[in-house]
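One structure is given here, and the rest of the page talks about it.
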Amino acid sequence: MAGEARDLKTDTRPVKVKIENVVKKFDGRNGEMIALNGVSLDIHENEFITVVGPSGCGKSTLLNIIAGLLPATSGRVLCNGKEVTGVGTERGVVFQQYALFPWLTVQKNVEFALNMRGVKGKQAQEEAMQYLEMVDLAKFANHYPKELSGGMKQRVAIARAYAADPEVLLMDEPFGALDAQTRTQLQTELLETWEKKQKTCFFITHDVDEAIVLGQRCIIMSARPGRIKDIVDIDIPYPRDQETKLSPRFMELKNHIWGEVYKEYLEVRK
Amino acid sequence: MKAKKKSVVDRIPNWAWLLISLAVALLVWTALSFGEKTGRSFCHPWEIPGIFVTVAFERGILLSDIASSLLTVVAGYLIGFVIALPLAILMAWYRPVRYVVQPWIQFIRNIPPLAYVPLIVLMLGVGRQPQITVITISTTLIMSITIYQGVVNIDETLIKAARVLGAKDKDVFVRVIAPASLPFILTAARLGASTALTTLIAAESVGSGLGLGMRIRAFNSNYEPGPMLLYIIIIGIIGLIIEKLIKFVERKLTGWQEKREI
Ligand SMILES: Nc1ncnc2c1ncn2[C@@H]1O[C@H](COP(=O)(O)OP(=O)(O)OP(=O)(O)O)[C@@H](O)[C@H]1O
Ligand SMILES: [Mg+2]
């Protein structure tokens, strides 16, 4: 059964991000609301983690806590063994809404990231172009974000996140707003980029196919209150591409994960 | 194949529409000038050039009135802007300031300046100073509210994005908040300018020897409806020019924006 794919063998890579019993409560109108209820997870160096779960189960909340954009109510997150107390340049974020600076051209958006880590002037311009070539957008360097399609904007956002050169890349449904075709294209690009320039990735998605094709481990979260329900090892070798989605093992994993997520979805509906 | 037929409305260029609109206005004006009652307020349009020559050259009051009013408006407006900008930023950043100040801005903003002019005059006497003060008050109110609403509505994810890229407070302010606020600051500048002109007439309602608003009242007491109409038109033209200028600057500085209203 696909459930057996859950792997308990130890990953020998060092732990990059350690999430220790994180609890997050929000003060809502109807009293206290528990968004995360004791989440623990070790993310290893250069590991690609994908996260799925029903809407409202606390995926974004968890990502924001790892990013240092939101404090945990209790528990803690360690990055490189140091406790996270705020944002840090070793942790980059790609937002679903792109979050490009609309008053800057594509190239200047990428330069912003370089400037912030001390790369200035001509050097920054050249490096920015390299990152834009990486996402195939060098031709659009002088365009403003409003002149780009959604997929192009998200590629700029990814180039900008890479330009900040973080060790951990946190992505909150980065392809969620894109059409199916653009989405698969960006998945392939992200896979290629990740295989070339390994980074620790934490990638939230609603799309089970996406979670399997990209990730080494898939975290399934449950709702009310948010917890980790299951962790599935995606034991499909790299390099992966869209063909991977046709393999029997992919199907098995998909059945299993989709079933689990669907059960959670039904729970939430109740 | 027949080319797609453009409607008549589309085929007439914009400048021609402007001329048509002008012609219609002149027609309406002419009609009004022949009315028994409306004729008392509206002189015939063709009398205007003569009136212009009289007030501009023979009596020599037009230019000095315009200069005086512009001085008042520009001074009040600039002081208003200099107060409104930091006030708006304070309201956006410090909630105590917002909670204490904002209700009163909203309250006073809804009072026509004409109502509180006498109070200002009691304090400051007559002259240019109270006039500038009234314009400063009204423009500060409208501009601070407009800028404030822009600054608090800055997309939070942009600030987050800057922070995760390593931006410090100063970088966030200079490189995110400032450019993101610019469109609202320019909108505020435009609304402030039109408020300044509107307030001018109220501001000049007490003791001044010069100025467009003051002169209109003087013409009124001497029963000179023609020059009065000319002055009213001139105020309109000044307003139009200022608005066009600011819109031009807006287009130059904030062309990066997606479509926007107001
Ligand atoms: N700032 C906040 N204040 C109060 N409640 C919040 C806040 N942010 C999130 N929540 C609540 O916490 C829960 C988890 O939200 P979160 O955004 O993390 O969900 P999610 O898993 O990312 O959902 P989605 O898949 O729809 O993005 C939700 O019920 C939400 O209403
Ligand atoms: Mg979310």
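Ligands are numbered from 1 in the order shown, chains are lettered A, B, ... in the order of the structure tokens, and residues start at 1 in each chain.
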query = For chain A, which residues have at least one atom within 10 Å of chain B, if we go by only C-alpha atoms? Write them as a VMD selection string, please.
reply = chain A and resid 67 to 69 86 to 105 112 to 117 143 to 147 157 160 to 161 163 to 166
request  = Compute the set of protein, DNA and RNA residues whose minimum atom distance to ligand 1 is at most 10 Å, using only C-alpha atoms and all ligand atoms, and state it as a PyMOL selection string.
outcome  = chain A and resi 24-29+32-36+51-65+70+96+172-173+176+204-206+221-226
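From atom CA of Phe173 of chain B back to atom CA of Gly121 of chain A, the distance works out to 20.7 Å.
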task = For segment 145-147 of chain B, please output as JSON, numbers by chain all residues within 10 Å (counting only C-alpha atoms; exclusion window: fewer than 2 positions along the same chain).
result = {"B": [84, 85, 86, 87, 88, 89, 91, 92, 102, 105, 106, 109, 140, 141, 142, 143, 149, 150, 151, 152, 153, 181, 182, 183, 184, 185, 186, 187, 188, 189, 191, 192]}
Those same residues, written as a CSV table (one decimal), in the first residue's frame with N, CA, C and O atoms?
```
chain,number,residue,atom,x,y,z
B,84,ALA,N,0.6,68.5,6.0
B,84,ALA,CA,-0.2,67.3,5.7
B,84,ALA,C,0.6,66.1,5.6
B,84,ALA,O,0.3,65.0,6.1
B,85,LEU,N,1.8,66.2,4.9
B,85,LEU,CA,2.6,65.0,4.7
B,85,LEU,C,3.0,64.3,5.9
B,85,LEU,O,2.8,63.1,6.1
B,86,PRO,N,3.8,65.0,6.8
B,86,PRO,CA,4.2,64.4,8.1
B,86,PRO,C,3.0,64.0,8.9
B,86,PRO,O,3.0,62.9,9.6
B,87,LEU,N,2.0,64.8,8.9
B,87,LEU,CA,0.8,64.4,9.7
B,87,LEU,C,0.2,63.1,9.3
B,87,LEU,O,-0.2,62.2,10.1
B,88,ALA,N,0.1,62.9,8.0
B,88,ALA,CA,-0.5,61.7,7.4
B,88,ALA,C,0.4,60.5,7.8
B,88,ALA,O,-0.1,59.5,8.2
B,89,ILE,N,1.7,60.7,7.7
B,89,ILE,CA,2.6,59.6,8.0
B,89,ILE,C,2.5,59.2,9.5
B,89,ILE,O,2.5,58.1,9.9
B,91,MET,N,-0.1,59.7,11.4
B,91,MET,CA,-1.4,59.0,11.6
B,91,MET,C,-1.3,57.5,11.2
B,91,MET,O,-1.9,56.7,11.8
B,92,ALA,N,-0.6,57.3,10.1
B,92,ALA,CA,-0.5,56.0,9.6
B,92,ALA,C,0.4,55.1,10.5
B,92,ALA,O,0.1,53.9,10.6
B,102,GLN,N,-7.6,61.9,13.8
B,102,GLN,CA,-8.4,61.7,12.7
B,102,GLN,C,-9.9,62.1,12.8
B,102,GLN,O,-10.4,62.7,11.8
B,105,ILE,N,-10.2,65.7,12.1
B,105,ILE,CA,-9.9,66.1,10.7
B,105,ILE,C,-11.2,65.8,9.9
B,105,ILE,O,-11.7,66.7,9.1
B,106,GLN,N,-11.8,64.6,10.1
B,106,GLN,CA,-13.0,64.3,9.4
B,106,GLN,C,-14.1,65.3,9.7
B,106,GLN,O,-14.9,65.8,8.9
B,109,ARG,N,-13.3,68.9,8.3
B,109,ARG,CA,-13.3,68.8,6.9
B,109,ARG,C,-14.7,69.0,6.3
B,109,ARG,O,-14.9,69.5,5.2
B,140,THR,N,-4.8,71.3,4.3
B,140,THR,CA,-4.2,70.3,5.2
B,140,THR,C,-5.1,69.2,5.5
B,140,THR,O,-4.7,68.0,5.4
B,141,LEU,N,-6.4,69.5,5.8
B,141,LEU,CA,-7.4,68.5,6.1
B,141,LEU,C,-7.5,67.5,4.9
B,141,LEU,O,-7.4,66.3,5.1
B,142,ILE,N,-7.8,68.0,3.8
B,142,ILE,CA,-8.1,67.1,2.6
B,142,ILE,C,-6.8,66.3,2.3
B,142,ILE,O,-6.9,65.1,2.0
B,143,MET,N,-5.7,67.0,2.3
B,143,MET,CA,-4.4,66.3,1.8
B,143,MET,C,-4.0,65.3,2.9
B,143,MET,O,-3.5,64.2,2.5
B,149,GLN,N,-4.8,57.7,3.9
B,149,GLN,CA,-5.5,56.5,3.4
B,149,GLN,C,-4.6,55.8,2.4
B,149,GLN,O,-4.6,54.5,2.4
B,150,GLY,N,-3.8,56.5,1.6
B,150,GLY,CA,-2.9,55.8,0.7
B,150,GLY,C,-1.8,55.0,1.5
B,150,GLY,O,-1.6,53.9,1.2
B,151,VAL,N,-1.2,55.7,2.5
B,151,VAL,CA,-0.1,55.0,3.2
B,151,VAL,C,-0.6,53.8,4.0
B,151,VAL,O,0.1,52.8,4.0
B,152,VAL,N,-1.8,53.9,4.6
B,152,VAL,CA,-2.2,52.7,5.4
B,152,VAL,C,-2.7,51.6,4.4
B,152,VAL,O,-2.7,50.4,4.8
B,153,ASN,N,-3.0,51.9,3.2
B,153,ASN,CA,-3.4,50.9,2.3
B,153,ASN,C,-2.3,50.3,1.4
B,153,ASN,O,-2.5,49.6,0.5
B,181,SER,N,3.8,55.4,-1.8
B,181,SER,CA,2.9,56.5,-1.4
B,181,SER,C,2.8,57.5,-2.4
B,181,SER,O,1.8,58.3,-2.4
B,182,LEU,N,3.7,57.6,-3.3
B,182,LEU,CA,3.8,58.7,-4.3
B,182,LEU,C,2.5,59.0,-5.0
B,182,LEU,O,2.1,60.1,-5.1
B,183,PRO,N,1.9,57.9,-5.5
B,183,PRO,CA,0.6,58.2,-6.3
B,183,PRO,C,-0.4,58.9,-5.4
B,183,PRO,O,-1.1,59.8,-5.9
B,184,PHE,N,-0.5,58.5,-4.1
B,184,PHE,CA,-1.5,59.1,-3.2
B,184,PHE,C,-1.1,60.5,-2.9
B,184,PHE,O,-2.0,61.4,-2.7
B,185,ILE,N,0.2,60.8,-2.8
B,185,ILE,CA,0.6,62.1,-2.5
B,185,ILE,C,0.3,63.0,-3.6
B,185,ILE,O,-0.2,64.2,-3.5
B,186,LEU,N,0.4,62.5,-4.9
B,186,LEU,CA,0.1,63.3,-6.0
B,186,LEU,C,-1.4,63.5,-6.1
B,186,LEU,O,-1.9,64.6,-6.5
B,187,THR,N,-2.2,62.5,-5.8
B,187,THR,CA,-3.6,62.7,-5.8
B,187,THR,C,-4.0,63.7,-4.8
B,187,THR,O,-4.8,64.6,-5.0
B,188,ALA,N,-3.4,63.6,-3.6
B,188,ALA,CA,-3.7,64.6,-2.6
B,188,ALA,C,-3.3,66.0,-3.0
B,188,ALA,O,-4.1,67.0,-2.8
B,189,ALA,N,-2.2,66.1,-3.7
B,189,ALA,CA,-1.8,67.4,-4.3
B,189,ALA,C,-2.8,68.0,-5.2
B,189,ALA,O,-3.2,69.2,-5.2
B,191,LEU,N,-6.2,67.1,-5.3
B,191,LEU,CA,-7.4,67.5,-4.5
B,191,LEU,C,-7.2,68.7,-3.7
B,191,LEU,O,-8.0,69.6,-3.6
B,192,GLY,N,-6.0,68.9,-3.1
B,192,GLY,CA,-5.6,70.0,-2.3
B,192,GLY,C,-5.7,71.3,-3.1
B,192,GLY,O,-6.2,72.3,-2.7
```
Extract the full set of alpha helix (DSSP H) residues from segment 96-197 of chain A according to DSSP on the backbone, and format it as a compact mmCIF listing (two decimals) with N, CA, C and O atoms, in the first residue's frame.
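Output below, filename states-v7.txt:
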```
# COMPACT_ATOMS: atom_id res chain seq x y z
N VAL A 106 11.67 45.12 -14.07
CA VAL A 106 12.00 43.73 -13.75
C VAL A 106 13.44 43.63 -13.24
O VAL A 106 13.72 43.05 -12.19
N GLN A 107 14.35 44.26 -13.98
CA GLN A 107 15.75 44.18 -13.59
C GLN A 107 15.99 44.85 -12.23
O GLN A 107 16.70 44.32 -11.38
N LYS A 108 15.36 46.01 -12.02
CA LYS A 108 15.55 46.72 -10.74
C LYS A 108 14.96 45.94 -9.58
O LYS A 108 15.46 46.02 -8.46
N ASN A 109 13.89 45.19 -9.84
CA ASN A 109 13.34 44.34 -8.79
C ASN A 109 14.37 43.32 -8.33
O ASN A 109 14.53 43.09 -7.14
N VAL A 110 15.06 42.72 -9.29
CA VAL A 110 16.08 41.74 -8.93
C VAL A 110 17.28 42.44 -8.28
O VAL A 110 17.84 41.95 -7.30
N GLU A 111 17.61 43.62 -8.80
CA GLU A 111 18.73 44.38 -8.21
C GLU A 111 18.44 44.74 -6.75
O GLU A 111 19.36 44.82 -5.94
N PHE A 112 17.17 44.97 -6.46
CA PHE A 112 16.80 45.30 -5.07
C PHE A 112 17.37 44.25 -4.13
O PHE A 112 17.99 44.56 -3.11
N ALA A 113 17.14 42.97 -4.49
CA ALA A 113 17.61 41.87 -3.63
C ALA A 113 19.14 41.90 -3.52
O ALA A 113 19.70 41.69 -2.44
N LEU A 114 19.80 42.19 -4.65
CA LEU A 114 21.27 42.22 -4.63
C LEU A 114 21.77 43.38 -3.79
O LEU A 114 22.69 43.24 -2.99
N ASN A 115 21.15 44.56 -3.97
CA ASN A 115 21.53 45.74 -3.19
C ASN A 115 21.45 45.46 -1.69
O ASN A 115 22.31 45.87 -0.93
N MET A 116 20.39 44.75 -1.30
CA MET A 116 20.17 44.50 0.13
C MET A 116 21.27 43.63 0.72
O MET A 116 21.51 43.66 1.91
N GLY A 121 25.63 48.82 -7.85
CA GLY A 121 26.04 49.37 -9.13
C GLY A 121 26.09 48.40 -10.28
O GLY A 121 25.18 47.60 -10.47
N LYS A 122 27.18 48.49 -11.05
CA LYS A 122 27.30 47.72 -12.27
C LYS A 122 27.29 46.22 -12.00
O LYS A 122 26.68 45.45 -12.73
N GLN A 123 27.99 45.86 -10.93
CA GLN A 123 28.02 44.46 -10.51
C GLN A 123 26.60 43.93 -10.31
O GLN A 123 26.25 42.85 -10.80
N ALA A 124 25.77 44.71 -9.64
CA ALA A 124 24.39 44.30 -9.38
C ALA A 124 23.63 44.15 -10.69
O ALA A 124 22.87 43.20 -10.88
N GLN A 125 23.83 45.12 -11.60
CA GLN A 125 23.14 45.05 -12.89
C GLN A 125 23.47 43.76 -13.62
O GLN A 125 22.59 43.08 -14.15
N GLU A 126 24.77 43.42 -13.63
CA GLU A 126 25.18 42.22 -14.36
C GLU A 126 24.62 40.97 -13.72
O GLU A 126 24.09 40.09 -14.40
N GLU A 127 24.74 40.91 -12.39
CA GLU A 127 24.22 39.72 -11.72
C GLU A 127 22.71 39.59 -11.90
O GLU A 127 22.20 38.49 -12.08
N ALA A 128 22.01 40.72 -11.86
CA ALA A 128 20.56 40.68 -12.03
C ALA A 128 20.22 40.06 -13.38
O ALA A 128 19.31 39.23 -13.49
N MET A 129 20.99 40.44 -14.41
CA MET A 129 20.75 39.88 -15.74
C MET A 129 20.95 38.37 -15.74
O MET A 129 20.22 37.64 -16.40
N GLN A 130 21.95 37.91 -14.99
CA GLN A 130 22.18 36.46 -14.93
C GLN A 130 20.97 35.74 -14.33
O GLN A 130 20.53 34.70 -14.84
N TYR A 131 20.43 36.31 -13.25
CA TYR A 131 19.27 35.67 -12.63
C TYR A 131 18.06 35.73 -13.57
O TYR A 131 17.24 34.81 -13.60
N LEU A 132 17.96 36.81 -14.34
CA LEU A 132 16.85 36.90 -15.28
C LEU A 132 17.00 35.90 -16.42
O LEU A 132 16.02 35.33 -16.90
N GLU A 133 18.25 35.65 -16.81
CA GLU A 133 18.47 34.64 -17.84
C GLU A 133 18.07 33.27 -17.31
O GLU A 133 17.50 32.46 -18.04
N MET A 134 18.35 33.04 -16.04
CA MET A 134 17.99 31.77 -15.41
C MET A 134 16.49 31.48 -15.56
O MET A 134 16.10 30.34 -15.79
N GLY A 150 0.98 36.81 -15.50
CA GLY A 150 1.13 36.25 -14.16
C GLY A 150 2.33 35.32 -14.05
O GLY A 150 3.12 35.40 -13.11
N GLY A 151 2.49 34.45 -15.04
CA GLY A 151 3.60 33.50 -15.02
C GLY A 151 4.94 34.21 -15.06
O GLY A 151 5.88 33.84 -14.36
N MET A 152 5.02 35.26 -15.89
CA MET A 152 6.28 36.02 -15.98
C MET A 152 6.56 36.73 -14.66
O MET A 152 7.70 36.77 -14.20
N LYS A 153 5.52 37.28 -14.06
CA LYS A 153 5.72 37.96 -12.77
C LYS A 153 6.28 36.98 -11.74
O LYS A 153 7.20 37.32 -10.99
N GLN A 154 5.70 35.77 -11.72
CA GLN A 154 6.16 34.83 -10.71
C GLN A 154 7.59 34.39 -11.00
O GLN A 154 8.36 34.16 -10.07
N ARG A 155 7.97 34.35 -12.28
CA ARG A 155 9.37 34.01 -12.59
C ARG A 155 10.30 35.11 -12.11
O ARG A 155 11.40 34.84 -11.63
N VAL A 156 9.86 36.35 -12.25
CA VAL A 156 10.68 37.46 -11.73
C VAL A 156 10.81 37.32 -10.21
O VAL A 156 11.90 37.47 -9.64
N ALA A 157 9.69 36.98 -9.56
CA ALA A 157 9.72 36.83 -8.10
C ALA A 157 10.70 35.73 -7.70
O ALA A 157 11.42 35.85 -6.71
N ILE A 158 10.72 34.64 -8.49
CA ILE A 158 11.64 33.55 -8.18
C ILE A 158 13.09 34.00 -8.41
O ILE A 158 13.97 33.74 -7.60
N ALA A 159 13.32 34.71 -9.53
CA ALA A 159 14.66 35.22 -9.80
C ALA A 159 15.11 36.14 -8.66
O ALA A 159 16.25 36.08 -8.21
N ARG A 160 14.18 36.98 -8.19
CA ARG A 160 14.53 37.91 -7.12
C ARG A 160 14.85 37.16 -5.83
O ARG A 160 15.80 37.49 -5.13
N ALA A 161 14.05 36.12 -5.55
CA ALA A 161 14.30 35.33 -4.35
C ALA A 161 15.67 34.64 -4.44
O ALA A 161 16.43 34.61 -3.47
N TYR A 162 15.99 34.12 -5.62
CA TYR A 162 17.30 33.49 -5.80
C TYR A 162 18.43 34.50 -5.68
O TYR A 162 19.50 34.21 -5.17
N ALA A 163 18.18 35.72 -6.17
CA ALA A 163 19.22 36.76 -6.14
C ALA A 163 19.60 37.12 -4.71
O ALA A 163 20.73 37.53 -4.45
N ALA A 180 -3.01 26.08 -15.88
CA ALA A 180 -2.38 24.76 -15.78
C ALA A 180 -1.11 24.66 -16.62
O ALA A 180 -0.10 24.10 -16.18
N GLN A 181 -1.13 25.24 -17.79
CA GLN A 181 0.01 25.10 -18.68
C GLN A 181 1.22 25.86 -18.16
O GLN A 181 2.32 25.32 -18.08
N THR A 182 1.01 27.12 -17.78
CA THR A 182 2.09 27.93 -17.23
C THR A 182 2.63 27.28 -15.97
O THR A 182 3.83 27.27 -15.70
N ARG A 183 1.72 26.72 -15.21
CA ARG A 183 2.07 26.07 -13.96
C ARG A 183 3.05 24.92 -14.20
O ARG A 183 4.09 24.84 -13.55
N THR A 184 2.73 24.02 -15.15
CA THR A 184 3.64 22.89 -15.40
C THR A 184 4.98 23.38 -15.93
O THR A 184 6.03 22.86 -15.56
N GLN A 185 4.92 24.44 -16.72
CA GLN A 185 6.16 25.00 -17.25
C GLN A 185 7.05 25.50 -16.11
O GLN A 185 8.24 25.21 -16.06
N LEU A 186 6.44 26.22 -15.18
CA LEU A 186 7.22 26.76 -14.06
C LEU A 186 7.69 25.65 -13.14
O LEU A 186 8.78 25.72 -12.57
N GLN A 187 6.88 24.59 -13.00
CA GLN A 187 7.33 23.44 -12.20
C GLN A 187 8.62 22.87 -12.77
O GLN A 187 9.59 22.62 -12.05
N THR A 188 8.61 22.68 -14.10
CA THR A 188 9.79 22.12 -14.75
C THR A 188 10.99 23.03 -14.55
O THR A 188 12.09 22.57 -14.21
N GLU A 189 10.77 24.34 -14.72
CA GLU A 189 11.88 25.28 -14.53
C GLU A 189 12.40 25.24 -13.10
O GLU A 189 13.61 25.26 -12.87
N LEU A 190 11.47 25.19 -12.15
CA LEU A 190 11.88 25.19 -10.75
C LEU A 190 12.68 23.93 -10.44
O LEU A 190 13.71 23.97 -9.75
N LEU A 191 12.24 22.78 -11.00
CA LEU A 191 12.97 21.53 -10.80
C LEU A 191 14.38 21.64 -11.33
O LEU A 191 15.35 21.27 -10.67
N GLU A 192 14.49 22.19 -12.55
CA GLU A 192 15.82 22.33 -13.16
C GLU A 192 16.70 23.24 -12.33
O GLU A 192 17.87 22.92 -12.07
N THR A 193 16.12 24.36 -11.90
CA THR A 193 16.89 25.31 -11.11
C THR A 193 17.34 24.67 -9.80
O THR A 193 18.49 24.81 -9.38
N TRP A 194 16.43 23.96 -9.19
CA TRP A 194 16.75 23.35 -7.90
C TRP A 194 17.83 22.27 -8.06
O TRP A 194 18.72 22.13 -7.23
N GLU A 195 17.74 21.50 -9.16
CA GLU A 195 18.74 20.45 -9.36
C GLU A 195 20.12 21.05 -9.63
O GLU A 195 21.13 20.51 -9.22
N LYS A 196 20.12 22.22 -10.29
CA LYS A 196 21.40 22.89 -10.57
C LYS A 196 21.96 23.56 -9.31
O LYS A 196 23.12 23.46 -8.99
```
message = If we count only C-alpha atoms and set the cut-off at 10 Å, which residues sit around Ala202 of chain B, ignoring sequence neighbours fewer than 6 positions away in its own chain? Please answer as a PyMOL selection string.
response = chain B and resi 112-117+131+134-135+213-214
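Atom CA of Val172 of chain B is positioned 22.6 Å from atom CA of Glu250 of chain B.
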key: For ligand 2, the nearest of the candidates A:Gln198, A:Pro174, A:Pro237, A:Gly259, counting only C-alpha atoms and all ligand atoms   = A:Pro174
request  = Excluding Ser68 of chain B and any residue of its chain fewer than 4 positions from it, enumerate the residues within 12 Å of it, using only C-alpha atoms, and give them as a PyMOL selection string.
outcome  = chain B and resi 61-64+72-75+127-128+131-132+200+204+208-215
Using the selection just defined, write its residues with C-alpha atoms as a PDB file, in the first residue's frame.
```pdb
ATOM      1  CA  ILE B  61      -6.988  95.483 -11.777  1.00  0.00           C
ATOM      2  CA  LEU B  62      -7.109  92.023 -13.335  1.00  0.00           C
ATOM      3  CA  LEU B  63      -3.424  91.128 -13.190  1.00  0.00           C
ATOM      4  CA  SER B  64      -2.901  92.408  -9.670  1.00  0.00           C
ATOM      5  CA  THR B  72      -2.562  83.540  -1.149  1.00  0.00           C
ATOM      6  CA  VAL B  73      -3.532  80.230  -2.699  1.00  0.00           C
ATOM      7  CA  VAL B  74       0.018  79.028  -3.326  1.00  0.00           C
ATOM      8  CA  ALA B  75       1.240  80.052   0.128  1.00  0.00           C
ATOM      9  CA  GLY B 127      -5.227  90.934   5.753  1.00  0.00           C
ATOM     10  CA  ARG B 128      -3.379  88.210   3.943  1.00  0.00           C
ATOM     11  CA  GLN B 131      -6.627  84.238   4.222  1.00  0.00           C
ATOM     12  CA  ILE B 132      -3.558  82.040   4.013  1.00  0.00           C
ATOM     13  CA  LEU B 200     -10.092  81.208  -1.783  1.00  0.00           C
ATOM     14  CA  GLU B 204     -11.164  86.623   0.651  1.00  0.00           C
ATOM     15  CA  SER B 208      -8.859  92.601   1.456  1.00  0.00           C
ATOM     16  CA  GLY B 209      -8.148  95.216  -1.156  1.00  0.00           C
ATOM     17  CA  LEU B 210      -7.097  92.814  -3.877  1.00  0.00           C
ATOM     18  CA  GLY B 211      -7.902  89.329  -5.086  1.00  0.00           C
ATOM     19  CA  LEU B 212     -10.308  87.534  -7.382  1.00  0.00           C
ATOM     20  CA  GLY B 213     -12.781  86.614  -4.647  1.00  0.00           C
ATOM     21  CA  MET B 214     -12.775  90.069  -3.112  1.00  0.00           C
ATOM     22  CA  ARG B 215     -13.238  91.689  -6.523  1.00  0.00           C
TER      23      ARG B 215
END
```
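Taking atom CA of Ser149 of chain A and atom CA of Lys120 of chain A as endpoints, the distance between them is 28.4 Å.
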